[in-house]
file query18.cif (mmCIF, C-alpha atoms)
data_data
#
loop_
_atom_site.label_atom_id
_atom_site.label_comp_id
_atom_site.auth_asym_id
_atom_site.auth_seq_id
_atom_site.Cartn_x
_atom_site.Cartn_y
_atom_site.Cartn_z
CA MET A 184 106.81 87.26 116.68
CA LYS A 185 105.05 88.71 119.69
CA PHE A 186 106.66 91.84 121.18
CA ASN A 187 104.13 92.89 123.83
CA PRO A 188 103.40 90.29 126.53
CA ALA A 189 100.12 92.06 127.42
CA VAL A 190 98.65 91.36 123.95
CA THR A 191 97.49 87.86 123.09
CA SER A 192 98.33 86.09 119.85
CA SER A 193 95.63 83.46 120.38
CA ARG A 194 93.34 83.07 117.35
CA ARG A 195 90.41 82.17 119.59
CA LYS A 196 90.75 85.27 121.80
CA ASN A 197 91.35 87.60 118.84
CA ARG A 198 88.24 86.33 117.05
CA LYS A 199 86.16 86.74 120.20
CA ALA A 200 87.45 90.31 120.65
CA HIS A 201 86.68 91.10 117.01
CA PHE A 202 83.13 89.76 116.94
CA THR A 203 82.08 91.01 120.38
CA SER A 204 83.61 94.47 120.02
CA HIS A 205 81.46 97.49 120.81
CA SER A 206 80.53 100.27 118.41
CA GLU A 207 83.50 102.58 119.01
CA GLU A 208 85.98 99.74 118.46
CA ARG A 209 84.11 98.69 115.32
CA ARG A 210 84.55 102.22 113.98
CA LYS A 211 88.31 101.64 114.01
CA LEU A 212 88.00 98.09 112.68
CA MET A 213 85.97 99.46 109.78
CA SER A 214 88.93 101.33 108.30
CA ALA A 215 89.92 101.51 104.66
CA ASN A 216 93.10 102.46 102.85
CA LEU A 217 93.34 105.86 101.23
CA SER A 218 94.10 106.15 97.53
CA LYS A 219 97.74 106.80 96.55
CA GLU A 220 97.01 110.50 95.90
CA LEU A 221 95.36 110.95 99.32
CA GLN A 222 98.19 109.05 101.02
CA ALA A 223 100.72 111.40 99.43
CA ARG A 224 98.68 114.52 100.27
CA HIS A 225 97.89 113.71 103.90
CA GLY A 226 100.78 111.41 104.85
CA VAL A 227 98.35 108.82 106.25
CA ARG A 228 97.77 105.28 104.97
CA SER A 229 94.23 104.52 106.22
CA MET A 230 91.25 106.08 107.98
CA PRO A 231 88.03 104.84 109.56
CA ILE A 232 85.36 104.94 106.88
CA ARG A 233 82.25 107.13 107.19
CA LYS A 234 79.10 108.16 105.38
CA ASP A 235 79.63 110.48 102.36
CA ASP A 236 83.19 109.29 101.67
CA GLU A 237 83.71 108.37 98.03
CA VAL A 238 85.23 104.92 97.52
CA MET A 239 86.32 102.48 94.84
CA ILE A 240 85.78 98.75 95.35
CA THR A 241 89.01 96.76 94.89
CA ARG A 242 87.89 93.17 95.56
CA GLY A 243 85.01 90.88 94.70
CA PHE A 244 82.16 90.86 92.20
CA TYR A 245 81.81 94.68 92.16
CA LYS A 246 85.56 95.33 91.64
CA ALA A 247 86.50 98.70 90.03
CA ARG A 248 83.06 100.25 90.73
CA GLU A 249 82.98 103.66 92.41
CA GLY A 250 80.40 105.44 94.50
CA LYS A 251 79.54 107.36 97.64
CA ILE A 252 78.91 105.58 100.94
CA ILE A 253 75.22 105.67 101.87
CA THR A 254 75.41 103.90 105.25
CA CYS A 255 77.93 102.28 107.55
CA PHE A 256 76.51 99.24 109.33
CA ARG A 257 78.72 98.79 112.37
CA LYS A 258 76.63 95.88 113.60
CA LYS A 259 77.17 93.93 110.36
CA MET A 260 80.62 95.49 109.71
CA VAL A 261 79.67 96.44 106.14
CA VAL A 262 79.10 99.64 104.16
CA HIS A 263 76.43 100.32 101.56
CA ILE A 264 77.55 102.19 98.45
CA GLU A 265 75.25 104.05 96.07
CA ARG A 266 74.41 102.21 92.83
CA ILE A 267 75.72 98.90 94.27
CA THR A 268 72.44 97.00 94.57
CA ARG A 269 70.96 93.63 93.73
CA GLU A 270 67.46 92.63 92.80
CA LYS A 271 65.43 90.44 95.14
CA VAL A 272 63.07 87.74 93.87
CA ASN A 273 60.08 90.06 94.26
CA GLY A 274 61.83 92.76 92.16
CA ALA A 275 62.85 95.06 95.01
CA GLN A 276 66.32 96.64 94.88
CA VAL A 277 68.43 96.18 98.03
CA PRO A 278 71.92 97.58 98.73
CA VAL A 279 74.77 95.06 98.83
CA GLY A 280 76.99 95.08 101.92
CA ILE A 281 80.69 95.57 101.12
CA GLN A 282 83.42 95.07 103.71
CA PRO A 283 85.47 98.25 104.28
CA SER A 284 88.73 96.35 103.84
CA ASN A 285 87.70 95.73 100.21
CA VAL A 286 87.46 99.41 99.27
CA VAL A 287 89.85 102.32 98.78
CA ILE A 288 88.82 105.83 99.83
CA THR A 289 89.16 108.17 96.85
CA LYS A 290 87.63 111.30 98.40
CA LEU A 291 87.32 112.11 102.09
CA LYS A 292 84.44 114.03 103.63
CA LEU A 293 86.44 116.41 105.78
CA ASP A 294 85.02 118.25 108.75
CA LYS A 295 87.04 119.98 111.48
CA ASP A 296 87.29 116.89 113.71
CA ARG A 297 88.42 114.66 110.87
CA LYS A 298 91.00 117.25 109.71
CA LYS A 299 92.37 117.38 113.24
CA LYS A 300 92.54 113.56 113.38
CA LEU A 301 94.35 113.45 110.01
CA GLU A 302 96.93 116.03 111.13
CA ALA A 303 97.54 114.23 114.42
CA LYS A 304 97.92 110.88 112.65
CA SER A 305 100.37 112.24 110.06
CA LYS A 306 102.37 114.05 112.77
CA LYS A 307 102.57 110.80 114.75
CA LYS A 308 103.76 108.94 111.64
CA ARG A 309 106.47 111.52 110.86
CA ARG A 310 107.92 111.37 114.38
CA PRO A 311 110.88 108.96 114.51
CA GLN A 312 110.18 105.94 116.68
CA MET A 313 112.89 104.55 118.90
CA ARG A 314 112.96 100.86 119.74
CA PRO A 315 114.89 99.59 122.75
#
call {"tool": "encode", "arguments": {"input": "query18.cif", "output": "structure tokens"}}
result
Amino acid sequence: MKFNPAVTSSRRKNRKAHFTSHSEERRKLMSANLSKELQARHGVRSMPIRKDDEVMITRGFYKAREGKIITCFRKKMVVHIERITREKVNGAQVPVGIQPSNVVITKLKLDKDRKKKLEAKSKKKRRPQMRP
């Protein structure tokens, strides 16, 4: 059920917003769940994914494979993970694009901005929310 009248529930409008979103919005859309240990440690369920995070693939052909993120393609909405490649017809190795929703972050690359964001997010989650 829709609670906020300012937000649309139209499939057409939501798809348009998703596929025409700009880079900063795509950063948020390209979020992945944290592993159970990280969720317990930080009190946060998911984070936007970034280069040098270590992830485990949970869905698809490469399920249960682990690796470090090499690149985040915001334009294509995929991430490239080290050692996840396929061979082209001419023999060249190319990285396979994996959607961030199909991975779990097992190790975060923390810098001061990301630590601050984690603390703010966990503080927001701990605060009791009142509904009218």
call {"tool": "resolve_selection", "arguments": {"input": "query18.cif", "expression": "the PyMOL selection byres ((chain A and resi 235-238) around 9)", "output": "list in words"}}
result
Leu217, Ser218, Ile232, Arg233, Lys234, Met239, Ile240, Arg248, Glu249, Gly250, Lys251, Ile252, Ile253, Thr254, Ile264, Val286, Val287, Ile288, Thr289, Lys290, Leu291, Lys292 and Leu293 of chain A
call {"tool": "atom_distance", "arguments": {"input": "query18.cif", "atom1": "atom CA of Arg210 of chain A", "atom2": "atom CA of Pro231 of chain A"}}
result
6.2 Å
call {"tool": "closest_atom_pairs", "arguments": {"input": "query18.cif", "of": "segment 235-310 of chain A", "to": "segment 222-225 of chain A", "cutoff": "8 Å", "atoms": "only C-alpha atoms", "output": "CSV"}}
result
residue,atom,partner,partner_atom,distance
A:Leu301,CA,A:His225,CA,7.1
A:Glu302,CA,A:His225,CA,7.7
A:Ser305,CA,A:His225,CA,6.8
call {"tool": "residues_around", "arguments": {"input": "query18.cif", "residues": "His205 of chain A", "least_positions_apart": "3", "cutoff": "9 Å", "atoms": "all atoms listed in the file", "output": "number ranges by chain"}}
result
A: 202, 208-210, 257-258
call {"tool": "closest_residue", "arguments": {"input": "query18.cif", "among": "A:Ser284, A:Gly274, A:Val261, A:Met230", "to": "Lys300 of chain A", "atoms": "all atoms listed in the file"}}
result
A:Met230
call {"tool": "resolve_selection", "arguments": {"input": "query18.cif", "expression": "the PyMOL selection byres ((chain A and resi 278-283) around 7)", "output": "count of residues only"}}
result
15
call {"tool": "atom_distance", "arguments": {"input": "query18.cif", "atom1": "atom CA of Asn216 of chain A", "atom2": "atom CA of Ser192 of chain A"}}
result
24.2 Å
call {"tool": "atom_distance", "arguments": {"input": "query18.cif", "atom1": "atom CA of Ser193 of chain A", "atom2": "atom CA of Ser229 of chain A"}}
result
25.4 Å
